[in-house]
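Participant: Pasting coords32.cif here (mmCIF, C-alpha atoms):
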```cif
data_run
#
loop_
_atom_site.label_atom_id
_atom_site.label_comp_id
_atom_site.auth_asym_id
_atom_site.auth_seq_id
_atom_site.Cartn_x
_atom_site.Cartn_y
_atom_site.Cartn_z
CA MET A 9 101.81 -51.45 -203.92
CA ALA A 10 103.30 -48.24 -202.54
CA ALA A 11 107.06 -47.84 -202.34
CA SER A 12 108.81 -48.67 -199.09
CA VAL A 13 109.19 -45.72 -196.74
CA GLU A 14 112.46 -43.75 -196.81
CA THR A 15 111.71 -41.09 -194.20
CA VAL A 16 109.46 -41.03 -191.17
CA ILE A 17 108.55 -37.73 -189.55
CA LEU A 18 107.34 -37.66 -185.96
CA ASP A 19 104.53 -35.35 -184.95
CA ALA A 20 104.04 -34.18 -181.36
CA GLU A 21 101.84 -37.10 -180.32
CA ALA A 22 104.37 -39.60 -181.61
CA ALA A 23 107.12 -37.76 -179.75
CA ASP A 24 105.00 -37.74 -176.59
CA ALA A 25 104.27 -41.44 -176.94
CA LEU A 26 107.95 -42.29 -177.25
CA SER A 27 108.89 -40.08 -174.31
CA SER A 28 107.18 -42.00 -171.53
CA VAL A 29 106.74 -45.68 -170.82
CA HIS A 30 103.44 -44.73 -169.19
CA HIS A 31 102.00 -43.11 -172.32
CA PRO A 32 99.05 -45.20 -173.58
CA LYS A 33 100.52 -45.27 -177.09
CA HIS A 34 104.11 -46.00 -176.07
CA LEU A 35 104.02 -49.59 -177.27
CA VAL A 36 102.42 -48.66 -180.58
CA ALA A 37 105.03 -45.97 -181.14
CA LEU A 38 107.78 -48.43 -180.23
CA SER A 39 106.49 -50.82 -182.92
CA PHE A 40 107.06 -48.16 -185.57
CA VAL A 41 110.57 -47.26 -184.49
CA GLU A 42 111.53 -50.90 -183.88
CA GLY A 43 110.53 -51.75 -187.45
CA LEU A 44 112.53 -48.82 -188.76
CA ALA A 45 115.55 -49.75 -186.65
CA GLN A 46 115.46 -53.26 -188.10
CA ARG A 47 115.38 -51.89 -191.64
CA ARG A 48 118.14 -49.39 -190.91
CA GLN A 49 120.53 -52.24 -190.20
CA ARG A 50 120.28 -53.11 -193.89
CA ARG A 51 119.41 -49.68 -195.30
CA PRO A 52 121.04 -47.09 -193.07
CA SER A 53 119.88 -44.25 -195.33
CA ILE A 54 116.34 -44.56 -193.90
CA LYS A 55 115.74 -41.57 -191.62
CA VAL A 56 113.55 -40.67 -188.68
CA LEU A 57 113.15 -36.91 -188.42
CA VAL A 58 111.60 -34.49 -185.99
CA PRO A 59 111.08 -30.84 -186.97
CA VAL A 60 112.34 -28.57 -184.21
CA ALA A 61 108.89 -26.96 -183.84
CA VAL A 62 107.50 -30.39 -182.96
CA ARG A 63 110.10 -30.71 -180.24
CA VAL A 64 109.04 -27.34 -178.85
CA GLU A 65 105.36 -28.33 -178.88
CA ALA A 66 106.09 -31.67 -177.25
CA GLY A 67 108.43 -30.16 -174.67
CA TRP A 68 111.22 -32.38 -175.94
CA ASP A 69 114.38 -30.77 -174.64
CA ARG A 70 117.15 -33.08 -175.78
CA SER A 71 119.46 -31.86 -173.03
CA SER A 72 117.00 -32.74 -170.28
CA PRO A 73 117.36 -36.04 -168.40
CA ALA A 74 113.60 -36.44 -168.87
CA ALA A 75 114.21 -36.80 -172.61
CA ALA A 76 116.62 -39.70 -172.25
CA ILE A 77 114.12 -42.31 -173.40
CA VAL A 78 112.87 -40.49 -176.48
CA ASN A 79 116.41 -39.46 -177.39
CA ARG A 80 117.51 -43.10 -177.35
CA VAL A 81 114.55 -44.96 -178.82
CA SER A 82 113.34 -42.55 -181.49
CA GLY A 83 116.50 -42.55 -183.58
CA ALA A 84 115.28 -39.13 -184.72
CA ARG A 85 117.40 -36.29 -186.01
CA ASP A 86 116.30 -32.67 -185.90
CA VAL A 87 115.01 -30.77 -188.92
CA SER A 88 116.03 -27.16 -188.40
CA LEU A 89 113.78 -24.34 -189.49
CA THR A 90 115.83 -22.26 -191.90
CA GLY A 91 114.67 -19.01 -193.43
CA ALA A 92 113.67 -20.68 -196.67
CA ALA A 93 111.85 -23.45 -194.81
CA ALA A 94 109.98 -20.87 -192.75
CA ASP A 95 108.87 -19.14 -195.95
CA ARG A 96 107.46 -22.38 -197.32
CA ALA A 97 105.84 -23.29 -194.00
CA ALA A 98 104.20 -19.87 -193.86
CA GLU A 99 102.87 -20.40 -197.38
CA LEU A 100 101.40 -23.77 -196.38
CA ARG A 101 99.91 -22.36 -193.20
CA MET A 102 98.15 -19.59 -195.08
CA ALA A 103 96.95 -21.91 -197.83
CA LEU A 104 95.39 -24.52 -195.57
CA ASP A 105 94.79 -22.68 -192.30
CA VAL A 106 96.79 -25.17 -190.24
CA SER A 107 98.89 -24.69 -187.13
CA VAL A 108 102.45 -23.43 -187.25
CA VAL A 109 103.78 -26.79 -186.14
CA ASP A 110 101.75 -28.72 -188.72
CA ALA A 111 103.02 -26.40 -191.45
CA THR A 112 106.63 -27.05 -190.45
CA VAL A 113 105.97 -30.79 -190.45
CA ALA A 114 104.60 -30.58 -193.98
CA GLU A 115 107.55 -28.50 -195.11
CA ALA A 116 109.96 -31.03 -193.64
CA ALA A 117 108.10 -33.84 -195.39
CA GLU A 118 108.29 -32.07 -198.71
CA SER A 119 112.05 -31.60 -198.36
CA ALA A 120 112.94 -35.09 -197.15
CA ALA A 121 113.89 -38.22 -199.10
CA GLN A 122 110.65 -39.81 -200.30
CA PRO A 123 108.41 -41.68 -199.78
CA VAL A 124 107.76 -39.87 -196.51
CA VAL A 125 105.36 -40.96 -193.79
CA ILE A 126 104.15 -38.56 -191.11
CA VAL A 127 103.23 -40.38 -187.90
CA THR A 128 100.60 -38.25 -186.22
CA SER A 129 97.39 -38.12 -184.22
CA ASP A 130 96.17 -35.18 -186.31
CA VAL A 131 95.23 -37.25 -189.32
CA ARG A 132 92.73 -34.84 -190.84
CA ASP A 133 94.96 -31.78 -191.07
CA MET A 134 98.04 -33.80 -191.94
CA THR A 135 96.27 -35.65 -194.73
CA ALA A 136 95.20 -32.34 -196.23
CA LEU A 137 98.77 -31.08 -196.01
CA ALA A 138 100.18 -34.29 -197.46
CA ALA A 139 97.88 -33.97 -200.44
CA HIS A 140 98.93 -30.37 -200.92
CA VAL A 141 102.73 -30.69 -200.79
CA LYS A 142 104.96 -32.00 -203.54
CA GLY A 143 106.03 -35.64 -203.67
CA ASP A 144 105.03 -38.92 -202.10
CA VAL A 145 103.94 -37.95 -198.60
CA ARG A 146 101.63 -40.20 -196.61
CA VAL A 147 100.08 -40.07 -193.17
CA VAL A 148 99.80 -42.82 -190.58
CA ALA A 149 97.79 -42.44 -187.42
CA ILE A 150 99.21 -43.21 -184.03
CA MET B 7 131.34 -43.53 -167.93
CA SER B 8 128.42 -46.00 -167.70
CA ASN B 9 127.03 -47.69 -170.81
CA GLU B 10 123.92 -45.56 -170.51
CA ALA B 11 125.92 -42.35 -170.29
CA THR B 12 128.02 -43.43 -173.27
CA LEU B 13 124.90 -44.08 -175.31
CA ASP B 14 123.49 -40.68 -174.38
CA ALA B 15 126.79 -39.09 -175.40
CA VAL B 16 126.57 -40.85 -178.77
CA VAL B 17 123.04 -39.55 -179.33
CA ALA B 18 124.07 -36.05 -178.28
CA ALA B 19 127.01 -36.13 -180.69
CA LEU B 20 124.72 -37.15 -183.54
CA ASP B 21 122.36 -34.30 -182.68
CA VAL B 22 125.12 -31.82 -183.37
CA GLY B 23 124.68 -32.80 -187.00
CA GLY B 24 126.75 -31.15 -189.67
CA THR B 25 127.43 -28.03 -187.68
CA ASP B 26 130.23 -29.38 -185.55
CA GLU B 27 133.90 -28.86 -186.12
CA THR B 28 135.67 -31.27 -188.39
CA VAL B 29 138.79 -33.31 -187.81
CA VAL B 30 141.27 -34.82 -190.17
CA THR B 31 141.60 -38.53 -189.59
CA SER B 32 143.41 -41.39 -191.22
CA VAL B 33 141.12 -44.02 -192.75
CA ARG B 34 142.33 -46.96 -194.78
CA VAL B 35 140.03 -47.49 -197.72
CA PRO B 36 140.41 -49.71 -200.79
CA ALA B 37 142.16 -47.69 -203.49
CA ALA B 38 139.75 -48.96 -206.13
CA LEU B 39 136.81 -47.67 -204.09
CA ARG B 40 138.38 -44.22 -203.81
CA ASP B 41 139.15 -44.21 -207.53
CA ALA B 42 135.58 -45.21 -208.39
CA ALA B 43 134.15 -42.43 -206.22
CA LYS B 44 136.51 -39.86 -207.73
CA ALA B 45 135.64 -40.97 -211.24
CA LEU B 46 131.94 -40.59 -210.49
CA GLN B 47 132.57 -37.11 -209.11
CA ALA B 48 134.49 -36.21 -212.28
CA LEU B 49 131.48 -37.36 -214.30
CA GLY B 50 129.25 -35.12 -212.24
CA ALA B 51 127.43 -38.20 -211.00
CA GLY B 52 128.37 -38.04 -207.35
CA PRO B 53 129.63 -35.86 -204.50
CA SER B 54 133.21 -35.71 -203.29
CA PHE B 55 134.77 -38.84 -201.84
CA ASN B 56 134.86 -37.05 -198.48
CA GLU B 57 131.10 -36.47 -198.61
CA VAL B 58 130.51 -40.10 -199.57
CA LEU B 59 132.56 -41.29 -196.61
CA VAL B 60 130.98 -38.88 -194.11
CA GLN B 61 127.40 -39.53 -195.20
CA GLY B 62 127.94 -43.28 -195.26
CA ALA B 63 129.52 -43.20 -191.82
CA ARG B 64 126.77 -40.94 -190.45
CA ASP B 65 123.99 -43.18 -191.75
CA ARG B 66 125.65 -46.28 -190.31
CA VAL B 67 126.43 -44.75 -186.92
CA GLU B 68 122.87 -43.42 -186.63
CA ALA B 69 121.46 -46.85 -187.42
CA LEU B 70 123.73 -48.50 -184.86
CA ALA B 71 122.84 -45.92 -182.21
CA HIS B 72 119.14 -46.42 -182.91
CA ARG B 73 119.50 -50.17 -182.45
CA ALA B 74 121.54 -49.74 -179.29
CA GLY B 75 119.04 -47.24 -177.87
CA LEU B 76 116.13 -49.59 -178.37
CA ASP B 77 118.03 -52.57 -176.98
CA ARG B 78 118.89 -50.55 -173.88
CA HIS B 79 115.20 -49.66 -173.49
CA TYR B 80 114.12 -53.30 -173.78
CA GLY B 81 116.80 -54.21 -171.27
CA ALA B 82 115.23 -51.84 -168.76
CA TYR B 83 111.63 -52.66 -169.71
CA PRO B 84 111.50 -56.17 -171.21
CA GLU B 85 107.70 -56.13 -171.13
CA LEU B 86 107.71 -53.25 -173.60
CA ARG B 87 109.45 -55.11 -176.42
CA PRO B 88 106.86 -55.13 -179.20
CA SER B 89 105.87 -58.48 -180.67
CA LEU B 90 107.18 -59.52 -184.07
CA GLY B 91 103.68 -59.32 -185.46
CA SER B 92 103.04 -55.81 -184.17
CA VAL B 93 106.34 -54.58 -185.61
CA ALA B 94 105.52 -56.13 -188.98
CA LEU B 95 102.07 -54.55 -188.90
CA ALA B 96 103.62 -51.17 -188.14
CA LEU B 97 105.93 -51.51 -191.17
CA ALA B 98 103.00 -52.56 -193.35
CA ARG B 99 101.19 -49.38 -192.30
CA LEU B 100 104.24 -47.22 -193.01
CA ASP B 101 104.59 -48.82 -196.44
CA ALA B 102 100.85 -48.45 -197.21
CA SER B 103 100.92 -52.19 -197.90
CA GLU B 104 97.71 -54.11 -198.48
CA LEU B 105 98.84 -56.22 -195.53
CA ALA B 106 98.14 -53.26 -193.25
CA ASP B 107 94.51 -54.41 -193.23
CA ARG B 108 95.40 -58.07 -192.73
CA ALA B 109 96.63 -58.34 -189.18
CA ASP B 110 95.36 -61.92 -189.21
CA LEU B 111 97.81 -62.94 -191.94
CA ILE B 112 100.65 -61.03 -190.30
CA ASP B 113 100.00 -62.73 -186.99
CA GLN B 114 99.89 -66.14 -188.69
CA ALA B 115 103.14 -65.41 -190.52
CA ALA B 116 104.82 -64.17 -187.34
CA ALA B 117 103.76 -67.25 -185.41
CA GLU B 118 104.89 -69.71 -188.09
CA LEU B 119 108.20 -67.92 -188.68
CA ALA B 120 108.95 -67.62 -184.98
CA ALA B 121 108.56 -71.37 -184.68
CA THR B 122 111.00 -72.16 -187.46
CA ARG B 123 113.30 -69.12 -187.66
CA PRO B 124 113.81 -67.45 -184.29
CA THR B 125 115.99 -64.75 -185.86
CA ALA B 126 113.31 -63.66 -188.32
CA GLY B 127 112.66 -59.93 -188.52
CA ALA B 128 109.58 -57.90 -189.30
CA ASP B 129 110.35 -57.71 -193.02
CA ASP B 130 110.66 -61.50 -193.11
CA VAL B 131 107.17 -61.65 -191.64
CA LEU B 132 105.87 -59.30 -194.31
CA THR B 133 107.39 -61.41 -197.07
CA TYR B 134 105.84 -64.54 -195.59
CA ALA B 135 102.47 -62.83 -195.11
CA ALA B 136 102.54 -61.58 -198.70
CA ALA B 137 102.97 -65.17 -199.85
CA LEU B 138 100.06 -66.26 -197.68
CA LEU B 139 97.95 -63.50 -199.19
CA ALA B 140 98.92 -64.43 -202.73
CA HIS B 141 97.84 -68.02 -202.15
CA GLU B 142 94.52 -67.23 -200.54
CA PRO B 143 91.56 -68.74 -202.37
CA VAL B 144 89.75 -66.12 -204.41
#
```
In structure tokens, write the structure found in this file.

Facilitator:
Amino acid sequence: MAASVETVILDAEAADALSSVHHPKHLVALSFVEGLAQRRQRRPSIKVLVPVAVRVEAGWDRSSPAAAIVNRVSGARDVSLTGAAADRAAELRMALDVSVVDATVAEAAESAAQPVVIVTSDVRDMTALAAHVKGDVRVVAI
Amino acid sequence: MSNEATLDAVVAALDVGGTDETVVTSVRVPAALRDAAKALQALGAGPSFNEVLVQGARDRVEALAHRAGLDRHYGAYPELRPSLGSVALALARLDASELADRADLIDQAAAELAATRPTAGADDVLTYAAALLAHEPV
């Protein structure tokens, strides 16, 4: 059996789904974050992360009133793109011919406390990235 | 300030992360706990006591804010509260558990637990479902 998840990283579709009660996957996305919120009451070190590039892609402006729901329910903290992280993301992008955002997600996963799960709709590219990066990184479809 | 506005202010404060200004505050902690943390730091086995306190407080406050944010959402949209079974299934998928492919067992566990333990959580359901799986006829 795989080890229990320590970090969950939201991709753009997951962020979109959490942003609107009218999104067709809102309830599915809520199930993930509800489960994590329950676990965090006993293990507060579990993290939900969102790379800042994902927020840009999803149009998630934390200061906007429109982001109130996703801000509250996601429990997600930002992963900033530092110079060193950008270097690694660029390396991953060139190696696997993936999008800029996907590369930053993979870089964030590699750097986070593991096991890491990326919640995404782009299972194919993310699975390739997860296999390529260091550590225990898995992919779950939303 | 309304409860909603307070919650949004909490989330915004957490988003500032480690880049905000610091304050000196008075916290009463057990002396033995402080001594243990300092001894670990001296051994090279841990960070400073200040880092231990800040990280522990951050983790706990984030977890509390997450819970409060979801509860506020369910208060506004009660129909959107996910079922116990669906939450347990989501955790099984995140954990890459063999139960991720056994929604039937998770649903059975959720139903039986809900009838006997109304406060059961999703991890309780997974434990129960794992027992059901272990006792399935081969």

Participant: Distance atom CA of Arg70 of chain A-atom CA of Ser92 of chain B, one decimal place?

Facilitator: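 Result for atom CA of Arg70 of chain A versus atom CA of Ser92 of chain B: 28.0 Å, one decimal.
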
Participant: Pick out the chain B residues within 9 Å of chain A. Count all atoms listed in the file. Give them as an MDAnalysis selection string.

Facilitator: chainID B and resid 13:14 17:18 20:21 23 61:62 64:79 83 86:90 92:97 99:104 127:129

Participant: How many Å lie between atom CA of Thr31 of chain B and atom CA of Leu49 of chain B, rounded to one decimal?

Facilitator: 26.7 Å

Participant: Apply the PyMOL selection byres ((chain A and resi 113) around 12) to the displayed file and report the matching residues as a PDB file with C-alpha atoms, keeping the file's coordinate frame.

Facilitator:
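Result file selection06.pdb:
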```pdb
ATOM      1  CA  VAL A  16     109.460 -41.030-191.170  1.00  0.00           C
ATOM      2  CA  ILE A  17     108.550 -37.730-189.550  1.00  0.00           C
ATOM      3  CA  LEU A  18     107.340 -37.660-185.960  1.00  0.00           C
ATOM      4  CA  ASP A  19     104.530 -35.350-184.950  1.00  0.00           C
ATOM      5  CA  ALA A  20     104.040 -34.180-181.360  1.00  0.00           C
ATOM      6  CA  LEU A  57     113.150 -36.910-188.420  1.00  0.00           C
ATOM      7  CA  VAL A  58     111.600 -34.490-185.990  1.00  0.00           C
ATOM      8  CA  PRO A  59     111.080 -30.840-186.970  1.00  0.00           C
ATOM      9  CA  VAL A  60     112.340 -28.570-184.210  1.00  0.00           C
ATOM     10  CA  ALA A  61     108.890 -26.960-183.840  1.00  0.00           C
ATOM     11  CA  VAL A  62     107.500 -30.390-182.960  1.00  0.00           C
ATOM     12  CA  ARG A  63     110.100 -30.710-180.240  1.00  0.00           C
ATOM     13  CA  GLU A  65     105.360 -28.330-178.880  1.00  0.00           C
ATOM     14  CA  ASP A  86     116.300 -32.670-185.900  1.00  0.00           C
ATOM     15  CA  VAL A  87     115.010 -30.770-188.920  1.00  0.00           C
ATOM     16  CA  SER A  88     116.030 -27.160-188.400  1.00  0.00           C
ATOM     17  CA  LEU A  89     113.780 -24.340-189.490  1.00  0.00           C
ATOM     18  CA  ALA A  93     111.850 -23.450-194.810  1.00  0.00           C
ATOM     19  CA  ALA A  94     109.980 -20.870-192.750  1.00  0.00           C
ATOM     20  CA  ARG A  96     107.460 -22.380-197.320  1.00  0.00           C
ATOM     21  CA  ALA A  97     105.840 -23.290-194.000  1.00  0.00           C
ATOM     22  CA  ALA A  98     104.200 -19.870-193.860  1.00  0.00           C
ATOM     23  CA  LEU A 100     101.400 -23.770-196.380  1.00  0.00           C
ATOM     24  CA  ARG A 101      99.910 -22.360-193.200  1.00  0.00           C
ATOM     25  CA  VAL A 106      96.790 -25.170-190.240  1.00  0.00           C
ATOM     26  CA  SER A 107      98.890 -24.690-187.130  1.00  0.00           C
ATOM     27  CA  VAL A 108     102.450 -23.430-187.250  1.00  0.00           C
ATOM     28  CA  VAL A 109     103.780 -26.790-186.140  1.00  0.00           C
ATOM     29  CA  ASP A 110     101.750 -28.720-188.720  1.00  0.00           C
ATOM     30  CA  ALA A 111     103.020 -26.400-191.450  1.00  0.00           C
ATOM     31  CA  THR A 112     106.630 -27.050-190.450  1.00  0.00           C
ATOM     32  CA  ALA A 114     104.600 -30.580-193.980  1.00  0.00           C
ATOM     33  CA  GLU A 115     107.550 -28.500-195.110  1.00  0.00           C
ATOM     34  CA  ALA A 116     109.960 -31.030-193.640  1.00  0.00           C
ATOM     35  CA  ALA A 117     108.100 -33.840-195.390  1.00  0.00           C
ATOM     36  CA  GLU A 118     108.290 -32.070-198.710  1.00  0.00           C
ATOM     37  CA  SER A 119     112.050 -31.600-198.360  1.00  0.00           C
ATOM     38  CA  ALA A 120     112.940 -35.090-197.150  1.00  0.00           C
ATOM     39  CA  VAL A 124     107.760 -39.870-196.510  1.00  0.00           C
ATOM     40  CA  VAL A 125     105.360 -40.960-193.790  1.00  0.00           C
ATOM     41  CA  ILE A 126     104.150 -38.560-191.110  1.00  0.00           C
ATOM     42  CA  VAL A 127     103.230 -40.380-187.900  1.00  0.00           C
ATOM     43  CA  THR A 128     100.600 -38.250-186.220  1.00  0.00           C
ATOM     44  CA  ASP A 130      96.170 -35.180-186.310  1.00  0.00           C
ATOM     45  CA  ASP A 133      94.960 -31.780-191.070  1.00  0.00           C
ATOM     46  CA  MET A 134      98.040 -33.800-191.940  1.00  0.00           C
ATOM     47  CA  THR A 135      96.270 -35.650-194.730  1.00  0.00           C
ATOM     48  CA  LEU A 137      98.770 -31.080-196.010  1.00  0.00           C
ATOM     49  CA  ALA A 138     100.180 -34.290-197.460  1.00  0.00           C
ATOM     50  CA  VAL A 141     102.730 -30.690-200.790  1.00  0.00           C
ATOM     51  CA  VAL A 145     103.940 -37.950-198.600  1.00  0.00           C
ATOM     52  CA  VAL A 147     100.080 -40.070-193.170  1.00  0.00           C
TER      53      VAL A 147
END
```

Participant: What is the distance, in Å and to one decimal place, between atom CA of Val30 of chain B and atom CA of Ala63 of chain B?

Facilitator: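 Going from atom CA of Val30 of chain B over to atom CA of Ala63 of chain B covers 14.5 Å.
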
Participant: Starting from 8 Å padding per side, set up an axis-aligned box that covers all listed atoms of segment 26-42 of chain A and hand over centre and edge lengths in Å, one decimal, as JSON.

Facilitator:
```
{"center_x": 105.3, "center_y": -45.5, "center_z": -177.4, "size_x": 28.5, "size_y": 26.8, "size_z": 32.4}
```

Participant: Set the distance at 10 Å and use only C-alpha atoms: which residues neighbour Leu111 of chain B once local chain neighbours fewer than 4 positions away are removed? I'd like the list as a PDB file with C-alpha atoms, keeping the file's coordinate frame.

Facilitator:
```pdb
ATOM      1  CA  GLY B  91     103.680 -59.320-185.460  1.00  0.00           C
ATOM      2  CA  LEU B  95     102.070 -54.550-188.900  1.00  0.00           C
ATOM      3  CA  LEU B 105      98.840 -56.220-195.530  1.00  0.00           C
ATOM      4  CA  ALA B 106      98.140 -53.260-193.250  1.00  0.00           C
ATOM      5  CA  ASP B 107      94.510 -54.410-193.230  1.00  0.00           C
ATOM      6  CA  ALA B 115     103.140 -65.410-190.520  1.00  0.00           C
ATOM      7  CA  ALA B 116     104.820 -64.170-187.340  1.00  0.00           C
ATOM      8  CA  ALA B 117     103.760 -67.250-185.410  1.00  0.00           C
ATOM      9  CA  VAL B 131     107.170 -61.650-191.640  1.00  0.00           C
ATOM     10  CA  LEU B 132     105.870 -59.300-194.310  1.00  0.00           C
ATOM     11  CA  TYR B 134     105.840 -64.540-195.590  1.00  0.00           C
ATOM     12  CA  ALA B 135     102.470 -62.830-195.110  1.00  0.00           C
ATOM     13  CA  ALA B 136     102.540 -61.580-198.700  1.00  0.00           C
ATOM     14  CA  ALA B 137     102.970 -65.170-199.850  1.00  0.00           C
ATOM     15  CA  LEU B 138     100.060 -66.260-197.680  1.00  0.00           C
ATOM     16  CA  LEU B 139      97.950 -63.500-199.190  1.00  0.00           C
TER      17      LEU B 139
END
```

Participant: Ranking A:Ala23, A:Leu104, A:Gly91, A:Pro32 by minimum distance to Ala66 of chain A and counting all atoms listed in the file, which one comes first?

Facilitator: A:Ala23

Participant: Under the rule that all atoms listed in the file are counted, which of A:Gln122, A:Val131, A:Thr90, A:Met102 is the nearest residue to Glu21 of chain A?

Facilitator: A:Val131

Participant: Missing atoms in segment 53-66 of chain A: can you complete it with N, CA and C atoms, as a CSV table (one decimal), keeping the file's coordinate frame?

Facilitator:
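Below is the file part_7.csv, written as the result:
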```
chain,number,residue,atom,x,y,z
A,53,SER,N,120.3,-45.6,-194.8
A,53,SER,CA,119.9,-44.2,-195.3
A,53,SER,C,118.5,-43.9,-194.9
A,54,ILE,N,117.7,-44.9,-194.4
A,54,ILE,CA,116.3,-44.6,-193.9
A,54,ILE,C,116.5,-43.6,-192.7
A,55,LYS,N,115.6,-42.6,-192.7
A,55,LYS,CA,115.7,-41.6,-191.6
A,55,LYS,C,114.5,-41.4,-190.8
A,56,VAL,N,114.6,-41.1,-189.5
A,56,VAL,CA,113.6,-40.7,-188.7
A,56,VAL,C,113.9,-39.2,-188.3
A,57,LEU,N,112.9,-38.3,-188.6
A,57,LEU,CA,113.2,-36.9,-188.4
A,57,LEU,C,112.1,-36.3,-187.5
A,58,VAL,N,112.5,-35.3,-186.8
A,58,VAL,CA,111.6,-34.5,-186.0
A,58,VAL,C,111.9,-33.0,-186.2
A,59,PRO,N,110.9,-32.3,-186.8
A,59,PRO,CA,111.1,-30.8,-187.0
A,59,PRO,C,111.2,-30.2,-185.6
A,60,VAL,N,112.1,-29.2,-185.5
A,60,VAL,CA,112.3,-28.6,-184.2
A,60,VAL,C,111.1,-28.0,-183.6
A,61,ALA,N,110.1,-27.5,-184.4
A,61,ALA,CA,108.9,-27.0,-183.8
A,61,ALA,C,108.1,-28.0,-183.1
A,62,VAL,N,108.2,-29.3,-183.6
A,62,VAL,CA,107.5,-30.4,-183.0
A,62,VAL,C,108.1,-30.6,-181.6
A,63,ARG,N,109.4,-30.5,-181.5
A,63,ARG,CA,110.1,-30.7,-180.2
A,63,ARG,C,109.7,-29.6,-179.2
A,64,VAL,N,109.5,-28.4,-179.7
A,64,VAL,CA,109.0,-27.3,-178.8
A,64,VAL,C,107.6,-27.7,-178.3
A,65,GLU,N,106.8,-28.0,-179.3
A,65,GLU,CA,105.4,-28.3,-178.9
A,65,GLU,C,105.3,-29.5,-177.9
A,66,ALA,N,106.1,-30.5,-178.1
A,66,ALA,CA,106.1,-31.7,-177.2
A,66,ALA,C,106.9,-31.5,-176.0
```
